[in-house]
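Shown next: work05.cif, containing mmCIF, C-alpha atoms and all ligand atoms.
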data_target
loop_
_atom_site.group_PDB
_atom_site.id
_atom_site.type_symbol
_atom_site.label_atom_id
_atom_site.label_comp_id
_atom_site.auth_asym_id
_atom_site.auth_seq_id
_atom_site.Cartn_x
_atom_site.Cartn_y
_atom_site.Cartn_z
ATOM 1 C CA PHE A 1031 0.000 0.000 0.000
ATOM 2 C CA GLU A 1032 1.480 3.317 -1.087
ATOM 3 C CA PHE A 1033 0.152 6.583 0.316
ATOM 4 C CA LEU A 1034 1.567 9.599 -1.532
ATOM 5 C CA GLN A 1035 1.240 13.253 -0.593
ATOM 6 C CA VAL A 1036 2.740 16.446 -1.965
ATOM 7 C CA LEU A 1037 3.616 18.756 0.935
ATOM 8 C CA CYS A 1038 5.382 22.070 1.311
ATOM 9 C CA MET A 1039 8.782 21.603 2.963
ATOM 10 C CA HIS A 1040 7.912 24.233 5.579
ATOM 11 C CA GLU A 1041 4.846 22.225 6.577
ATOM 12 C CA CYS A 1042 6.861 19.087 7.277
ATOM 13 C CA LYS A 1043 10.142 20.409 8.650
ATOM 14 C CA HIS A 1044 10.817 17.123 10.432
ATOM 15 C CA LEU A 1045 11.516 15.672 6.948
ATOM 16 C CA ILE A 1046 14.053 18.311 5.960
ATOM 17 C CA LEU A 1047 17.088 16.074 6.473
ATOM 18 C CA GLU A 1048 15.449 13.368 4.352
ATOM 19 C CA ALA A 1049 14.890 15.906 1.567
ATOM 20 C CA CYS A 1050 18.500 17.059 1.887
ATOM 21 C CA ASN A 1051 19.774 13.489 1.560
ATOM 22 C CA LEU A 1052 17.579 12.819 -1.473
ATOM 23 C CA LEU A 1053 18.954 15.884 -3.267
ATOM 24 C CA ASN A 1054 22.521 15.055 -2.291
ATOM 25 C CA SER A 1055 22.151 11.508 -3.593
ATOM 26 C CA GLU A 1056 21.845 12.993 -7.096
ATOM 27 C CA TRP A 1057 23.712 16.295 -6.831
ATOM 28 C CA PRO A 1058 26.276 16.136 -3.996
ATOM 29 C CA ARG A 1059 26.669 19.521 -2.312
ATOM 30 C CA SER A 1060 27.397 20.765 1.178
ATOM 31 C CA LYS A 1061 24.726 19.718 3.643
ATOM 32 C CA SER A 1062 24.527 23.170 5.187
ATOM 33 C CA ALA A 1063 23.974 24.867 1.803
ATOM 34 C CA ARG A 1064 21.217 22.385 1.011
ATOM 35 C CA LEU A 1065 19.545 22.763 4.373
ATOM 36 C CA GLN A 1066 19.694 26.531 4.116
ATOM 37 C CA SER A 1067 17.917 26.431 0.770
ATOM 38 C CA LEU A 1068 15.279 23.997 2.088
ATOM 39 C CA PHE A 1069 14.730 26.128 5.207
ATOM 40 C CA MET A 1070 13.899 29.106 2.968
ATOM 41 C CA SER A 1071 10.745 27.375 1.772
ATOM 42 C CA CYS A 1072 7.655 29.464 2.512
ATOM 43 C CA ASP A 1073 4.013 29.866 1.513
ATOM 44 C CA LYS A 1074 4.774 32.209 -1.371
ATOM 45 C CA PHE A 1075 8.215 31.810 -2.967
ATOM 46 C CA PRO A 1076 10.666 30.189 -2.895
ATOM 47 C CA THR A 1077 8.817 26.978 -2.115
ATOM 48 C CA SER A 1078 10.162 23.472 -1.960
ATOM 49 C CA LEU A 1079 7.506 20.842 -2.562
ATOM 50 C CA VAL A 1080 8.239 17.321 -1.435
ATOM 51 C CA LEU A 1081 6.597 14.067 -2.409
ATOM 52 C CA VAL A 1082 6.123 12.007 0.754
ATOM 53 C CA LEU A 1083 5.525 8.260 0.757
ATOM 54 C CA ASN A 1084 3.583 6.700 3.623
ATOM 55 C CA ASP A 1085 3.960 9.804 5.831
ATOM 56 C CA PHE A 1086 7.693 9.421 6.430
ATOM 57 C CA GLN A 1087 9.808 8.924 3.317
ATOM 58 C CA VAL A 1088 10.742 11.825 1.032
ATOM 59 C CA VAL A 1089 10.711 10.367 -2.478
ATOM 60 C CA GLY A 1090 10.538 13.530 -4.575
ATOM 61 C CA HIS A 1091 11.336 17.220 -4.560
ATOM 62 C CA VAL A 1092 10.937 20.386 -6.664
ATOM 63 C CA LYS A 1093 11.875 23.973 -5.887
ATOM 64 C CA LEU A 1094 9.832 26.900 -7.178
ATOM 65 C CA SER A 1095 11.254 30.433 -7.212
ATOM 66 C CA GLU A 1096 9.960 33.707 -8.599
ATOM 67 C CA ILE A 1097 12.161 35.001 -11.392
ATOM 68 C CA THR A 1098 11.351 38.622 -10.552
ATOM 69 C CA VAL A 1099 9.987 39.638 -7.152
ATOM 70 C CA GLY A 1100 6.179 39.626 -7.451
ATOM 71 C CA GLY A 1101 6.362 38.912 -11.200
ATOM 72 C CA PRO A 1102 4.354 36.360 -13.197
ATOM 73 C CA ASP A 1103 7.166 33.910 -13.944
ATOM 74 C CA VAL A 1104 8.460 31.022 -11.880
ATOM 75 C CA MET A 1105 11.583 28.897 -12.226
ATOM 76 C CA ILE A 1106 11.402 25.221 -11.289
ATOM 77 C CA GLU A 1107 14.629 23.530 -10.201
ATOM 78 C CA SER A 1108 15.990 20.471 -8.448
ATOM 79 C CA VAL A 1109 13.270 18.199 -9.792
ATOM 80 C CA ILE A 1110 13.974 14.712 -8.492
ATOM 81 C CA ILE A 1111 12.316 11.377 -7.836
ATOM 82 C CA HIS A 1112 14.064 8.804 -5.641
ATOM 83 C CA LYS A 1113 16.007 6.306 -7.808
ATOM 84 C CA GLU A 1114 13.953 3.338 -6.624
ATOM 85 C CA HIS A 1115 10.692 4.971 -7.624
ATOM 86 C CA ARG A 1116 11.402 6.378 -11.085
ATOM 87 C CA GLY A 1117 9.243 5.394 -14.030
ATOM 88 C CA LYS A 1118 6.060 5.099 -11.943
ATOM 89 C CA GLY A 1119 4.516 8.390 -13.027
ATOM 90 C CA TRP A 1120 5.468 10.121 -9.770
ATOM 91 C CA GLY A 1121 7.643 12.752 -11.476
ATOM 92 C CA LYS A 1122 4.731 13.693 -13.691
ATOM 93 C CA MET A 1123 2.416 13.872 -10.690
ATOM 94 C CA LEU A 1124 4.819 16.106 -8.773
ATOM 95 C CA MET A 1125 5.276 18.445 -11.767
ATOM 96 C CA GLU A 1126 1.512 18.716 -12.186
ATOM 97 C CA ASP A 1127 1.129 19.598 -8.517
ATOM 98 C CA ALA A 1128 3.842 22.236 -8.890
ATOM 99 C CA GLU A 1129 1.982 23.686 -11.878
ATOM 100 C CA GLU A 1130 -1.229 23.804 -9.832
ATOM 101 C CA TYR A 1131 0.644 25.478 -6.972
ATOM 102 C CA ILE A 1132 1.868 28.347 -9.170
ATOM 103 C CA ARG A 1133 -1.501 28.693 -10.938
ATOM 104 C CA ARG A 1134 -3.264 29.131 -7.611
ATOM 105 C CA ARG A 1135 -0.842 31.943 -6.804
ATOM 106 C CA GLY A 1136 -1.651 33.772 -10.013
ATOM 107 C CA LYS A 1137 1.569 32.933 -11.821
ATOM 108 C CA LYS A 1138 1.559 32.636 -15.588
ATOM 109 C CA MET A 1139 4.684 30.877 -16.775
ATOM 110 C CA LEU A 1140 6.871 28.081 -15.519
ATOM 111 C CA TYR A 1141 10.452 27.948 -16.767
ATOM 112 C CA LEU A 1142 13.117 25.316 -16.346
ATOM 113 C CA SER A 1143 16.476 24.341 -17.682
ATOM 114 C CA THR A 1144 17.578 20.789 -18.340
ATOM 115 C CA ARG A 1145 20.378 18.909 -19.970
ATOM 116 C CA GLY A 1146 19.414 15.272 -20.181
ATOM 117 C CA GLN A 1147 15.725 15.136 -19.277
ATOM 118 C CA GLU A 1148 14.330 16.911 -22.337
ATOM 119 C CA GLY A 1149 12.070 13.943 -23.148
ATOM 120 C CA PHE A 1150 10.429 13.998 -19.724
ATOM 121 C CA TYR A 1151 9.480 17.677 -19.994
ATOM 122 C CA GLU A 1152 8.388 17.402 -23.609
ATOM 123 C CA LYS A 1153 5.957 14.664 -22.549
ATOM 124 C CA LEU A 1154 4.563 17.094 -19.987
ATOM 125 C CA GLY A 1155 3.965 19.746 -22.635
ATOM 126 C CA TYR A 1156 7.000 21.987 -22.159
ATOM 127 C CA GLU A 1157 8.433 23.767 -25.150
ATOM 128 C CA VAL A 1158 11.877 25.130 -25.848
ATOM 129 C CA CYS A 1159 11.912 28.912 -25.584
ATOM 130 C CA MET A 1160 14.364 31.792 -25.685
ATOM 131 C CA PRO A 1161 16.852 31.861 -22.813
ATOM 132 C CA ILE A 1162 15.727 33.910 -19.831
ATOM 133 C CA LEU A 1163 17.614 35.748 -17.133
ATOM 134 C CA TYR A 1164 17.732 33.898 -13.872
ATOM 135 C CA TYR A 1165 20.060 34.573 -10.991
ATOM 136 C CA GLY A 1166 19.035 31.833 -8.594
ATOM 137 C CA VAL A 1167 17.197 34.403 -6.504
ATOM 138 C CA ALA A 1168 14.284 36.607 -7.525
ATOM 139 C CA LEU A 1169 15.441 39.855 -9.096
ATOM 140 C CA GLU A 1170 13.953 43.165 -8.083
ATOM 141 C CA PRO A 1171 12.077 44.486 -11.120
ATOM 142 C CA SER A 1172 14.394 46.750 -13.080
ATOM 143 C CA PRO A 1173 13.936 48.533 -16.408
ATOM 144 C CA GLU A 1174 17.386 47.497 -17.561
ATOM 145 C CA PRO A 1175 18.383 44.097 -16.233
ATOM 146 C CA ASP A 1176 21.979 43.180 -16.951
ATOM 147 C CA THR A 1177 22.814 39.863 -18.507
ATOM 148 C CA LYS A 1178 24.960 37.862 -16.134
ATOM 149 C CA PHE A 1179 23.392 34.475 -16.647
ATOM 150 C CA ARG A 1180 21.458 33.092 -19.509
ATOM 151 C CA VAL A 1181 20.098 29.610 -19.214
ATOM 152 C CA PRO A 1182 18.591 27.474 -21.957
ATOM 153 C CA THR A 1183 15.004 27.255 -20.909
ATOM 154 C CA LYS A 1184 11.811 25.408 -21.462
ATOM 155 C CA CYS A 1185 8.490 26.881 -20.541
ATOM 156 C CA LYS A 1186 4.863 25.968 -20.259
ATOM 157 C CA TYR A 1187 1.586 27.874 -20.846
HETATM 158 N N1 LIG B 1201 13.082 10.863 -21.645
HETATM 159 C C1 LIG B 1201 11.880 10.628 -22.226
HETATM 160 N N2 LIG B 1201 10.751 10.348 -21.529
HETATM 161 C C2 LIG B 1201 10.854 10.282 -20.193
HETATM 162 C C3 LIG B 1201 12.072 10.497 -19.511
HETATM 163 C C4 LIG B 1201 13.231 10.815 -20.297
HETATM 164 N N3 LIG B 1201 14.428 11.076 -19.733
HETATM 165 N N4 LIG B 1201 11.859 10.376 -18.186
HETATM 166 C C5 LIG B 1201 10.546 10.074 -18.040
HETATM 167 N N5 LIG B 1201 9.945 10.028 -19.252
HETATM 168 C C6 LIG B 1201 8.527 9.774 -19.549
HETATM 169 C C7 LIG B 1201 8.015 8.500 -18.938
HETATM 170 O O1 LIG B 1201 8.233 7.409 -19.784
HETATM 171 C C8 LIG B 1201 6.545 8.823 -18.752
HETATM 172 O O2 LIG B 1201 5.882 8.674 -19.995
HETATM 173 P P1 LIG B 1201 4.355 8.124 -20.089
HETATM 174 O O3 LIG B 1201 3.529 9.181 -19.364
HETATM 175 O O4 LIG B 1201 4.082 8.051 -21.527
HETATM 176 O O5 LIG B 1201 4.350 6.824 -19.379
HETATM 177 C C9 LIG B 1201 6.532 10.312 -18.410
HETATM 178 O O6 LIG B 1201 7.777 10.828 -18.917
HETATM 179 C C10 LIG B 1201 6.449 10.570 -16.918
HETATM 180 O O7 LIG B 1201 7.521 9.868 -16.303
HETATM 181 P P2 LIG B 1201 7.588 9.628 -14.728
HETATM 182 O O8 LIG B 1201 7.524 8.175 -14.431
HETATM 183 O O9 LIG B 1201 6.587 10.493 -14.052
HETATM 184 O O10 LIG B 1201 9.070 10.158 -14.436
HETATM 185 P P3 LIG B 1201 9.919 9.865 -13.110
HETATM 186 O O11 LIG B 1201 9.048 9.675 -11.942
HETATM 187 O O12 LIG B 1201 10.890 8.782 -13.411
HETATM 188 O O13 LIG B 1201 10.698 11.252 -12.926
HETATM 189 C C11 LIG B 1201 12.709 12.479 -13.318
HETATM 190 C C12 LIG B 1201 11.474 11.815 -13.950
HETATM 191 C C13 LIG B 1201 12.273 13.469 -12.242
HETATM 192 C C14 LIG B 1201 13.445 13.243 -14.416
HETATM 193 C C15 LIG B 1201 13.596 11.361 -12.700
HETATM 194 O O14 LIG B 1201 14.066 10.542 -13.721
HETATM 195 C C16 LIG B 1201 14.800 11.863 -11.899
HETATM 196 O O15 LIG B 1201 14.692 12.175 -10.727
HETATM 197 N N6 LIG B 1201 15.991 11.923 -12.555
HETATM 198 C C17 LIG B 1201 17.241 12.336 -11.902
HETATM 199 C C18 LIG B 1201 17.271 13.780 -11.559
HETATM 200 C C19 LIG B 1201 17.069 14.686 -12.753
HETATM 201 O O16 LIG B 1201 17.717 14.564 -13.779
HETATM 202 N N7 LIG B 1201 16.137 15.647 -12.613
HETATM 203 C C20 LIG B 1201 15.803 16.643 -13.628
HETATM 204 C C21 LIG B 1201 16.713 17.808 -13.511
HETATM 205 S S1 LIG B 1201 16.150 19.175 -14.514
HETATM 206 C C22 LIG B 1201 15.354 20.217 -13.454
HETATM 207 O O17 LIG B 1201 15.377 20.040 -12.268
HETATM 208 C C23 LIG B 1201 14.573 21.372 -14.037
#
Using structure tokens, write down the structure from this file.
Amino acid sequence: FEFLQVLCMHECKHLILEACNLLNSEWPRSKSARLQSLFMSCDKFPTSLVLVLNDFQVVGHVKLSEITVGGPDVMIESVIIHKEHRGKGWGKMLMEDAEEYIRRRGKKMLYLSTRGQEGFYEKLGYEVCMPILYYGVALEPSPEPDTKFRVPTKCKY
């Protein structure tokens, strides 16, 4: 019997170490940097959503961040499903929940960047688009943004 829930990280802080370990199993990084990012999760943005199996195991994660403070666009990053549970449709389910989450908050566009999982996102309806500016934190709106980072992006809607 498998009971799956999508929860906000800040609503299940007791699972934060589990989420950290899941992310580090795929993309090794310092534990403190990971935890800091997960602790930032809040009701607006950034938000980490976790897929929880049977109330105690973190088996998936996505992070949603505004691209510009208060703006209509959201970046989705660190999309992961636990190795043992890939290919069961859980990644799709988590992405659809993330899309619903941003829709409910009045956001219009979801962007992401991938090298290697193009097929997964194409299945979900994402299209290749022009690169966007994304700094890893939401930018204050500015009439003339500079161009430090450009990422190849896919978007939906
Ligand atoms: N290429 C083509 N199709 C794919 C791929 C792929 N790489 N991966 C999944 N699919 C298809 C599946 O066959 C399925 O198709 P169907 O609906 O016709 O049956 C559909 O996409 C949904 O697949 P899921 O089973 O929901 O995918 P899964 O749960 O395995 O999650 C994920 C996919 C998240 C990419 C997983 O493989 C993973 O965690 N990989 C390692 C981490 C990673 O690379 N994450 C993406 C980083 S990019 C970013 O974060 C923006």
Kindly indicate which residue among A:Met1139, A:Val1089, A:Met1160, A:Ile1097 lies nearest to ligand LIG 1201 (chain B), using only C-alpha atoms and all ligand atoms for the distances. A:Val1089
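Within 10 Å of the point (7.8, 12.8, -2.6), and counting only C-alpha atoms, the protein, DNA and RNA residues are A:Leu1034, A:Gln1035, A:Val1036, A:Leu1037, A:Ala1049, A:Leu1052, A:Leu1079, A:Val1080, A:Leu1081, A:Val1082, A:Leu1083, A:Asn1084, A:Asp1085, A:Phe1086, A:Gln1087, A:Val1088, A:Val1089, A:Gly1090, A:His1091, A:Val1092, A:Ile1110, A:Ile1111, A:His1112, A:His1115, A:Trp1120, A:Gly1121, A:Met1123, A:Leu1124.
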Any chance you could resolve the PyMOL selection byres (((not hetatm)) within 8 of (chain B and resi 1201)) against this file and give the residues as a VMD selection string? chain A and resid 1056 1090 1092 1106 to 1113 1115 to 1124 1142 to 1154
Just write the chosen residues, C-alpha atoms, as a PDB file, in the coordinates of the input.
ATOM      1  CA  GLU A1056      21.845  12.993  -7.096  1.00  0.00           C
ATOM      2  CA  GLY A1090      10.538  13.530  -4.575  1.00  0.00           C
ATOM      3  CA  VAL A1092      10.937  20.386  -6.664  1.00  0.00           C
ATOM      4  CA  ILE A1106      11.402  25.221 -11.289  1.00  0.00           C
ATOM      5  CA  GLU A1107      14.629  23.530 -10.201  1.00  0.00           C
ATOM      6  CA  SER A1108      15.990  20.471  -8.448  1.00  0.00           C
ATOM      7  CA  VAL A1109      13.270  18.199  -9.792  1.00  0.00           C
ATOM      8  CA  ILE A1110      13.974  14.712  -8.492  1.00  0.00           C
ATOM      9  CA  ILE A1111      12.316  11.377  -7.836  1.00  0.00           C
ATOM     10  CA  HIS A1112      14.064   8.804  -5.641  1.00  0.00           C
ATOM     11  CA  LYS A1113      16.007   6.306  -7.808  1.00  0.00           C
ATOM     12  CA  HIS A1115      10.692   4.971  -7.624  1.00  0.00           C
ATOM     13  CA  ARG A1116      11.402   6.378 -11.085  1.00  0.00           C
ATOM     14  CA  GLY A1117       9.243   5.394 -14.030  1.00  0.00           C
ATOM     15  CA  LYS A1118       6.060   5.099 -11.943  1.00  0.00           C
ATOM     16  CA  GLY A1119       4.516   8.390 -13.027  1.00  0.00           C
ATOM     17  CA  TRP A1120       5.468  10.121  -9.770  1.00  0.00           C
ATOM     18  CA  GLY A1121       7.643  12.752 -11.476  1.00  0.00           C
ATOM     19  CA  LYS A1122       4.731  13.693 -13.691  1.00  0.00           C
ATOM     20  CA  MET A1123       2.416  13.872 -10.690  1.00  0.00           C
ATOM     21  CA  LEU A1124       4.819  16.106  -8.773  1.00  0.00           C
ATOM     22  CA  LEU A1142      13.117  25.316 -16.346  1.00  0.00           C
ATOM     23  CA  SER A1143      16.476  24.341 -17.682  1.00  0.00           C
ATOM     24  CA  THR A1144      17.578  20.789 -18.340  1.00  0.00           C
ATOM     25  CA  ARG A1145      20.378  18.909 -19.970  1.00  0.00           C
ATOM     26  CA  GLY A1146      19.414  15.272 -20.181  1.00  0.00           C
ATOM     27  CA  GLN A1147      15.725  15.136 -19.277  1.00  0.00           C
ATOM     28  CA  GLU A1148      14.330  16.911 -22.337  1.00  0.00           C
ATOM     29  CA  GLY A1149      12.070  13.943 -23.148  1.00  0.00           C
ATOM     30  CA  PHE A1150      10.429  13.998 -19.724  1.00  0.00           C
ATOM     31  CA  TYR A1151       9.480  17.677 -19.994  1.00  0.00           C
ATOM     32  CA  GLU A1152       8.388  17.402 -23.609  1.00  0.00           C
ATOM     33  CA  LYS A1153       5.957  14.664 -22.549  1.00  0.00           C
ATOM     34  CA  LEU A1154       4.563  17.094 -19.987  1.00  0.00           C
TER      35      LEU A1154
END
Got a sec: who's within 8 Å of segment 1063-1069 of chain A, counting all atoms listed in the file, leaving out chain neighbours fewer than 4 positions off, as a list in words?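 Listing them by chain and then by number gives Met1039, His1040, Ile1046, Leu1047, Cys1050, Arg1059 and Ser1078 of chain A.
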To one decimal place, how far is atom CA of Leu1163 of chain A from atom CA of Thr1077 of chain A in Å?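 These two atoms are separated by 19.5 Å.
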Which residues match the PyMOL selection byres (((chain A and resi 1130-1138) around 8) and not hetatm) in the file above, as a ChimeraX atom specification? /A:1074,1101-1104,1126-1129,1139-1140,1187
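Here atom CA of Ser1095 of chain A stands at a distance of 11.4 Å from atom CA of Asp1073 of chain A.
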Work out how far apart atom CA of Ser1062 of chain A and atom CA of Met1105 of chain A are and give it in Å to one decimal. 22.4 Å
